[in-house]
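Dumped start_23.txt below, it's compact mmCIF, C-alpha atoms:
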```txt
# COMPACT_ATOMS: atom_id res chain seq x y z
CA MET B 869 0.00 0.00 0.00
CA CYS B 870 2.60 2.53 1.14
CA HIS B 871 5.17 2.05 -1.62
CA ASP B 872 3.93 4.77 -3.94
CA PHE B 873 2.64 8.30 -3.53
CA HIS B 874 -0.92 7.46 -4.48
CA GLY B 875 -1.19 4.55 -2.04
CA THR B 876 0.57 6.40 0.79
CA ILE B 877 -1.46 9.61 0.75
CA GLU B 878 -4.71 7.64 0.56
CA PHE B 879 -3.54 5.29 3.34
CA ILE B 880 -2.67 8.06 5.80
CA GLY B 881 -5.79 9.92 4.68
CA LYS B 882 -8.11 7.07 5.70
CA ARG B 883 -10.71 8.04 8.30
CA TRP B 884 -9.00 8.41 11.75
CA MET B 885 -5.61 7.14 10.47
CA GLY B 886 -3.80 10.46 10.82
CA ILE B 887 -5.06 11.03 14.35
CA ILE B 888 -3.99 7.52 15.46
CA ILE B 889 -0.46 8.10 14.06
CA TYR B 890 -0.43 11.54 15.73
CA GLN B 891 -1.33 9.94 19.09
CA LEU B 892 1.38 7.27 18.76
CA LEU B 893 3.99 9.92 17.94
CA ASN B 894 3.51 10.98 21.58
CA GLY B 895 4.58 7.53 22.72
CA PRO B 896 3.24 3.98 22.94
CA LYS B 897 -0.46 3.73 23.79
CA ARG B 898 -2.78 1.02 25.02
CA PHE B 899 -6.01 0.36 23.08
CA SER B 900 -8.07 1.97 25.85
CA GLU B 901 -5.84 5.07 25.86
CA LEU B 902 -6.37 5.46 22.12
CA THR B 903 -10.16 5.20 22.39
CA GLU B 904 -10.09 7.69 25.27
CA ASN B 905 -7.87 10.17 23.37
CA ILE B 906 -9.79 9.89 20.08
CA PRO B 907 -13.42 10.75 20.85
CA GLY B 908 -15.81 9.33 18.30
CA ILE B 909 -13.76 6.39 17.08
CA SER B 910 -15.40 2.98 17.45
CA ASP B 911 -13.53 -0.04 18.85
CA ARG B 912 -14.20 -1.84 15.58
CA LEU B 913 -12.63 0.91 13.43
CA LEU B 914 -9.68 1.39 15.79
CA THR B 915 -9.01 -2.36 15.64
CA GLU B 916 -9.15 -2.23 11.83
CA ARG B 917 -6.80 0.79 11.58
CA LEU B 918 -4.29 -0.76 14.03
CA ARG B 919 -4.31 -3.99 11.99
CA GLU B 920 -3.67 -1.97 8.77
CA LEU B 921 -0.81 -0.04 10.44
CA GLU B 922 0.69 -3.31 11.70
CA LYS B 923 0.40 -4.90 8.24
CA GLU B 924 2.25 -1.90 6.72
CA GLY B 925 5.02 -2.28 9.29
CA LEU B 926 4.31 1.13 10.83
CA ILE B 927 3.42 -0.09 14.33
CA ILE B 928 4.03 -3.14 16.50
CA LYS B 929 1.94 -4.57 19.29
CA ALA B 930 4.16 -5.21 22.30
CA MET B 931 3.55 -6.55 25.81
CA ILE B 932 4.22 -4.21 28.73
CA PRO B 933 6.09 -6.60 31.08
CA SER B 934 5.16 -4.86 34.31
CA GLN B 935 1.45 -4.69 33.51
CA LYS B 936 0.97 -7.91 31.49
CA LYS B 937 -0.93 -5.76 28.99
CA ALA B 938 -0.28 -4.89 25.34
CA HIS B 939 0.43 -1.51 23.88
CA TYR B 940 0.98 -0.21 20.36
CA GLU B 941 4.13 1.62 19.35
CA LEU B 942 5.48 3.08 16.13
CA THR B 943 8.27 1.30 14.30
CA PRO B 944 11.20 3.36 12.90
CA ALA B 945 9.28 3.70 9.60
CA GLY B 946 6.19 4.77 11.56
CA ARG B 947 8.14 7.37 13.54
CA GLU B 948 9.44 8.84 10.25
CA LEU B 949 5.84 9.90 9.52
CA GLU B 950 6.44 12.73 11.99
CA THR B 951 7.83 14.85 9.14
CA VAL B 952 4.62 14.34 7.14
CA ILE B 953 2.40 15.11 10.13
CA SER B 954 4.34 18.28 11.01
CA SER B 955 4.31 19.45 7.37
CA ILE B 956 0.50 19.19 7.44
CA LEU B 957 0.28 21.09 10.76
CA ASN B 958 2.61 23.72 9.31
CA TRP B 959 0.50 24.00 6.14
CA ILE B 960 -2.63 24.62 8.25
CA ARG B 961 -0.87 27.54 10.00
CA ILE B 962 0.23 29.01 6.65
CA LYS B 963 -3.28 28.59 5.15
CA GLN B 964 -4.79 30.40 8.12
CA LYS B 965 -2.32 33.30 7.67
CA LEU B 966 -3.04 33.44 3.92
CA SER B 967 -6.80 33.61 4.53
CA ASN B 968 -6.57 36.43 7.15
CA MET M 1189 -12.66 21.18 6.01
CA CYS M 1190 -8.99 22.10 5.92
CA HIS M 1191 -8.84 24.09 9.14
CA ASP M 1192 -7.79 21.28 11.42
CA PHE M 1193 -5.39 18.35 11.21
CA HIS M 1194 -8.13 15.74 11.08
CA GLY M 1195 -10.03 17.45 8.27
CA THR M 1196 -6.90 18.28 6.27
CA ILE M 1197 -5.28 14.85 6.23
CA GLU M 1198 -8.58 13.21 5.31
CA PHE M 1199 -9.23 15.84 2.61
CA ILE M 1200 -5.87 15.40 0.87
CA GLY M 1201 -6.19 11.66 1.40
CA LYS M 1202 -9.44 11.43 -0.57
CA ARG M 1203 -9.27 9.13 -3.58
CA TRP M 1204 -7.24 10.84 -6.40
CA MET M 1205 -6.92 14.15 -4.47
CA GLY M 1206 -3.17 13.87 -3.88
CA ILE M 1207 -2.43 13.01 -7.50
CA ILE M 1208 -4.51 15.98 -8.76
CA ILE M 1209 -2.62 18.38 -6.46
CA TYR M 1210 0.67 16.76 -7.56
CA GLN M 1211 -0.25 17.36 -11.22
CA LEU M 1212 -1.18 21.02 -10.59
CA LEU M 1213 2.10 21.61 -8.76
CA ASN M 1214 3.68 21.15 -12.21
CA GLY M 1215 1.65 24.10 -13.51
CA PRO M 1216 -1.91 24.96 -14.57
CA LYS M 1217 -3.75 22.17 -16.35
CA ARG M 1218 -6.85 21.91 -18.51
CA PHE M 1219 -9.51 19.33 -17.58
CA SER M 1220 -8.51 17.13 -20.54
CA GLU M 1221 -4.83 17.29 -19.54
CA LEU M 1222 -5.72 16.10 -16.05
CA THR M 1223 -7.78 13.15 -17.31
CA GLU M 1224 -4.94 12.26 -19.70
CA ASN M 1225 -2.26 12.46 -16.97
CA ILE M 1226 -4.29 10.57 -14.35
CA PRO M 1227 -5.21 7.23 -15.91
CA GLY M 1228 -8.25 5.65 -14.29
CA ILE M 1229 -9.93 8.77 -12.99
CA SER M 1230 -13.49 9.33 -14.24
CA ASP M 1231 -14.68 12.71 -15.53
CA ARG M 1232 -17.34 12.70 -12.82
CA LEU M 1233 -14.83 12.18 -9.98
CA LEU M 1234 -12.35 14.68 -11.41
CA THR M 1235 -15.16 17.25 -11.63
CA GLU M 1236 -16.09 16.52 -8.00
CA ARG M 1237 -12.49 16.79 -6.75
CA LEU M 1238 -11.87 20.05 -8.65
CA ARG M 1239 -15.07 21.49 -7.15
CA GLU M 1240 -13.91 20.47 -3.63
CA LEU M 1241 -10.45 22.02 -4.22
CA GLU M 1242 -12.08 25.22 -5.48
CA LYS M 1243 -14.42 25.36 -2.47
CA GLU M 1244 -11.41 25.03 -0.13
CA GLY M 1245 -9.67 27.90 -1.94
CA LEU M 1246 -6.82 25.67 -3.11
CA ILE M 1247 -7.38 26.10 -6.87
CA ILE M 1248 -9.05 28.56 -9.20
CA LYS M 1249 -10.56 28.02 -12.61
CA ALA M 1250 -9.19 30.65 -15.00
CA MET M 1251 -9.74 31.37 -18.69
CA ILE M 1252 -6.73 31.06 -21.00
CA PRO M 1253 -7.17 34.26 -23.08
CA SER M 1254 -5.39 33.00 -26.19
CA GLN M 1255 -7.32 29.73 -26.33
CA LYS M 1256 -10.72 30.81 -24.97
CA LYS M 1257 -10.53 27.71 -22.77
CA ALA M 1258 -10.41 27.25 -19.00
CA HIS M 1259 -7.61 25.76 -16.96
CA TYR M 1260 -7.16 25.02 -13.28
CA GLU M 1261 -4.33 26.47 -11.23
CA LEU M 1262 -3.26 26.32 -7.59
CA THR M 1263 -3.81 29.34 -5.37
CA PRO M 1264 -0.99 30.43 -3.01
CA ALA M 1265 -2.52 28.19 -0.30
CA GLY M 1266 -2.67 25.33 -2.80
CA ARG M 1267 0.96 25.80 -3.84
CA GLU M 1268 1.99 25.61 -0.17
CA LEU M 1269 0.87 21.95 -0.23
CA GLU M 1270 4.16 21.25 -2.05
CA THR M 1271 5.87 20.84 1.33
CA VAL M 1272 3.32 18.19 2.34
CA ILE M 1273 3.61 16.35 -0.97
CA SER M 1274 7.43 16.35 -0.86
CA SER M 1275 7.44 15.17 2.78
CA ILE M 1276 5.34 12.17 1.70
CA LEU M 1277 7.66 11.43 -1.26
CA ASN M 1278 10.62 11.71 1.09
CA TRP M 1279 8.98 9.38 3.61
CA ILE M 1280 8.46 6.74 0.89
CA ARG M 1281 12.20 6.86 0.09
CA ILE M 1282 13.11 6.49 3.78
CA LYS M 1283 10.61 3.63 4.25
CA GLN M 1284 12.11 1.79 1.29
CA LYS M 1285 15.64 2.19 2.76
CA LEU M 1286 14.43 0.98 6.18
CA SER M 1287 12.84 -2.11 4.66
CA ASN M 1288 15.95 -3.08 2.61
```
Just dump the structure as structure tokens.
Amino acid sequence: MCHDFHGTIEFIGKRWMGIIIYQLLNGPKRFSELTENIPGISDRLLTERLRELEKEGLIIKAMIPSQKKAHYELTPAGRELETVISSILNWIRIKQKLSN
Amino acid sequence: MCHDFHGTIEFIGKRWMGIIIYQLLNGPKRFSELTENIPGISDRLLTERLRELEKEGLIIKAMIPSQKKAHYELTPAGRELETVISSILNWIRIKQKLSN
């Protein structure tokens, strides 16, 4: 999916995908933390998005030894998406200035 | 739509949207040039995407005086999307290196 421009921009543009990546850029999160931090997302859709991210090699599901619970964290490739996310945030600031 | 992160990433992630912006970053294009350069896109969907881009203030439809025909060109806000597009292209290169 994420090996060409077309596939990548439509993958990260999927409903809720950008927000999930944005959350994980702030550090590993448990499923319940993600549902809490992303109001409006259903468990079903979050499960689907996490599976898609895992399949693309952008996140891994790891056990937290001390808590015997799992959390999701970005892989190196996933963390590299920070540049894309910040370029979008930067563009929003510029667009707001241009429209004032 | 494009005033927050969530709306923006899902807007540019809409089917074909990224490729249309990518094409217009290479200069103004007529409708027929866009359908030629984007194999697979239907006239109906291209019309819809151009209308959405116009509504967001990212493109304008202008007459080409010499040819009495219209073309589409990016506004200043639209041209600023170049940083987002190049960050995605850059990410794809990094992802490919990480997976080799």
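One finds atom CA of B:Trp959 at 7.9 Å from atom CA of M:Thr1271.
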Check your understanding: Neighbours of B:Arg917 within 12 Å (only C-alpha atoms; same-chain residues fewer than 6 positions away dropped), as a PyMOL selection string?
Key -> chain B and resi 879-889+899+902+909-911+923-924+926-927+940
Produce the least-squares-superposed copy of chain B, fitted on chain M over all in-order C-alpha pairs, as a tab-separated table (two decimals) with C-alpha atoms, keeping the file's coordinate frame.
```tsv
chain	number	residue	atom	x	y	z
B	869	MET	CA	-12.69	21.19	5.99
B	870	CYS	CA	-9.00	22.12	5.92
B	871	HIS	CA	-8.81	24.11	9.15
B	872	ASP	CA	-7.78	21.27	11.43
B	873	PHE	CA	-5.40	18.34	11.20
B	874	HIS	CA	-8.13	15.72	11.08
B	875	GLY	CA	-10.04	17.43	8.27
B	876	THR	CA	-6.91	18.28	6.27
B	877	ILE	CA	-5.28	14.85	6.24
B	878	GLU	CA	-8.59	13.21	5.31
B	879	PHE	CA	-9.24	15.85	2.62
B	880	ILE	CA	-5.88	15.41	0.88
B	881	GLY	CA	-6.19	11.66	1.41
B	882	LYS	CA	-9.45	11.44	-0.56
B	883	ARG	CA	-9.29	9.13	-3.58
B	884	TRP	CA	-7.24	10.84	-6.39
B	885	MET	CA	-6.92	14.15	-4.47
B	886	GLY	CA	-3.18	13.88	-3.87
B	887	ILE	CA	-2.44	13.03	-7.49
B	888	ILE	CA	-4.52	15.99	-8.77
B	889	ILE	CA	-2.63	18.39	-6.44
B	890	TYR	CA	0.66	16.77	-7.55
B	891	GLN	CA	-0.26	17.38	-11.22
B	892	LEU	CA	-1.19	21.03	-10.58
B	893	LEU	CA	2.10	21.62	-8.75
B	894	ASN	CA	3.67	21.17	-12.21
B	895	GLY	CA	1.65	24.09	-13.51
B	896	PRO	CA	-1.90	24.95	-14.56
B	897	LYS	CA	-3.75	22.15	-16.36
B	898	ARG	CA	-6.84	21.89	-18.51
B	899	PHE	CA	-9.50	19.31	-17.58
B	900	SER	CA	-8.49	17.12	-20.53
B	901	GLU	CA	-4.81	17.27	-19.53
B	902	LEU	CA	-5.71	16.09	-16.04
B	903	THR	CA	-7.76	13.14	-17.31
B	904	GLU	CA	-4.93	12.25	-19.69
B	905	ASN	CA	-2.25	12.46	-16.96
B	906	ILE	CA	-4.29	10.56	-14.35
B	907	PRO	CA	-5.20	7.20	-15.90
B	908	GLY	CA	-8.23	5.64	-14.27
B	909	ILE	CA	-9.94	8.76	-12.99
B	910	SER	CA	-13.49	9.32	-14.24
B	911	ASP	CA	-14.68	12.71	-15.52
B	912	ARG	CA	-17.34	12.68	-12.82
B	913	LEU	CA	-14.83	12.17	-9.97
B	914	LEU	CA	-12.35	14.68	-11.41
B	915	THR	CA	-15.16	17.25	-11.61
B	916	GLU	CA	-16.09	16.53	-7.99
B	917	ARG	CA	-12.48	16.78	-6.72
B	918	LEU	CA	-11.88	20.05	-8.64
B	919	ARG	CA	-15.08	21.51	-7.14
B	920	GLU	CA	-13.91	20.48	-3.62
B	921	LEU	CA	-10.45	22.02	-4.21
B	922	GLU	CA	-12.08	25.22	-5.49
B	923	LYS	CA	-14.43	25.36	-2.47
B	924	GLU	CA	-11.41	25.04	-0.13
B	925	GLY	CA	-9.68	27.90	-1.93
B	926	LEU	CA	-6.82	25.67	-3.10
B	927	ILE	CA	-7.38	26.10	-6.85
B	928	ILE	CA	-9.04	28.57	-9.19
B	929	LYS	CA	-10.56	28.02	-12.60
B	930	ALA	CA	-9.20	30.63	-15.00
B	931	MET	CA	-9.72	31.36	-18.70
B	932	ILE	CA	-6.70	31.05	-20.99
B	933	PRO	CA	-7.14	34.24	-23.09
B	934	SER	CA	-5.34	32.98	-26.18
B	935	GLN	CA	-7.26	29.71	-26.34
B	936	LYS	CA	-10.68	30.78	-24.98
B	937	LYS	CA	-10.50	27.68	-22.78
B	938	ALA	CA	-10.39	27.23	-19.00
B	939	HIS	CA	-7.61	25.76	-16.95
B	940	TYR	CA	-7.16	25.01	-13.26
B	941	GLU	CA	-4.33	26.47	-11.23
B	942	LEU	CA	-3.27	26.33	-7.60
B	943	THR	CA	-3.81	29.34	-5.38
B	944	PRO	CA	-0.99	30.44	-3.00
B	945	ALA	CA	-2.52	28.20	-0.29
B	946	GLY	CA	-2.68	25.34	-2.81
B	947	ARG	CA	0.95	25.82	-3.84
B	948	GLU	CA	1.98	25.62	-0.15
B	949	LEU	CA	0.86	21.96	-0.23
B	950	GLU	CA	4.13	21.27	-2.04
B	951	THR	CA	5.85	20.85	1.34
B	952	VAL	CA	3.31	18.20	2.35
B	953	ILE	CA	3.60	16.37	-0.97
B	954	SER	CA	7.41	16.37	-0.87
B	955	SER	CA	7.44	15.19	2.77
B	956	ILE	CA	5.33	12.19	1.69
B	957	LEU	CA	7.64	11.44	-1.28
B	958	ASN	CA	10.61	11.73	1.07
B	959	TRP	CA	8.97	9.38	3.60
B	960	ILE	CA	8.45	6.76	0.87
B	961	ARG	CA	12.20	6.87	0.05
B	962	ILE	CA	13.11	6.50	3.75
B	963	LYS	CA	10.61	3.62	4.22
B	964	GLN	CA	12.11	1.80	1.24
B	965	LYS	CA	15.63	2.20	2.71
B	966	LEU	CA	14.43	0.99	6.14
B	967	SER	CA	12.84	-2.12	4.61
B	968	ASN	CA	15.95	-3.09	2.56
```
Listing only residues of chain M within 9 Å of chain B, what is the closest atom pair and its distance in Å (to one decimal) for each, using only C-alpha atoms, sorted by chain and residue number ascending, as CSV?
```
residue,atom,partner,partner_atom,distance
M:Cys1190,CA,B:Ile960,CA,7.2
M:His1191,CA,B:Ile960,CA,6.3
M:Asp1192,CA,B:Ile960,CA,6.9
M:Phe1193,CA,B:Leu957,CA,6.3
M:His1194,CA,B:Ile887,CA,6.5
M:Thr1196,CA,B:Ile956,CA,7.5
M:Ile1197,CA,B:Gly881,CA,5.2
M:Glu1198,CA,B:Gly881,CA,4.4
M:Phe1199,CA,B:Gly881,CA,7.2
M:Ile1200,CA,B:Gly881,CA,6.7
M:Gly1201,CA,B:Gly881,CA,3.7
M:Lys1202,CA,B:Glu878,CA,6.2
M:Arg1203,CA,B:Glu878,CA,6.3
M:Trp1204,CA,B:His874,CA,7.4
M:Met1205,CA,B:Glu878,CA,8.5
M:Gly1206,CA,B:Ile877,CA,6.5
M:Ile1207,CA,B:His874,CA,6.5
M:Pro1264,CA,B:Leu966,CA,7.8
M:Ala1265,CA,B:Lys963,CA,5.5
M:Gly1266,CA,B:Lys963,CA,8.6
M:Glu1268,CA,B:Trp959,CA,6.7
M:Leu1269,CA,B:Trp959,CA,6.7
M:Thr1271,CA,B:Ser955,CA,6.4
M:Val1272,CA,B:Ser955,CA,5.3
M:Ile1273,CA,B:Val952,CA,8.4
M:Ser1274,CA,B:Val952,CA,8.7
M:Ser1275,CA,B:Val952,CA,5.3
M:Ile1276,CA,B:Val952,CA,5.9
M:Leu1277,CA,B:Phe873,CA,6.3
M:Asn1278,CA,B:Val952,CA,8.9
M:Trp1279,CA,B:Glu948,CA,6.7
M:Ile1280,CA,B:His871,CA,6.3
M:Arg1281,CA,B:His871,CA,8.7
M:Ile1282,CA,B:Ala945,CA,7.5
M:Lys1283,CA,B:Ala945,CA,5.5
M:Gln1284,CA,B:His871,CA,7.5
M:Leu1286,CA,B:Ala945,CA,6.8
M:Ser1287,CA,B:Ala945,CA,8.4
```
Practice item. Quote the spacing between atom CA of M:Pro1227 and atom CA of M:Arg1267 in Å to one decimal place. Key: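 Between atom CA of M:Pro1227 and atom CA of M:Arg1267 the gap is 23.0 Å.
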Practice item. Kindly give the distance, in Å, that separates atom CA of M:Asn1225 and atom CA of M:Glu1261, rounded to a single decimal. Key: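 Result for atom CA of M:Asn1225 versus atom CA of M:Glu1261: 15.3 Å, one decimal.
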Check your understanding: Near B:Met931, counting only C-alpha atoms, which residues have an atom at most 10 Å away, once you skip same-chain residues fewer than 6 positions from it, shown as a list in words?
Key -> Arg898, Lys937, Ala938, His939 and Tyr940 of chain B
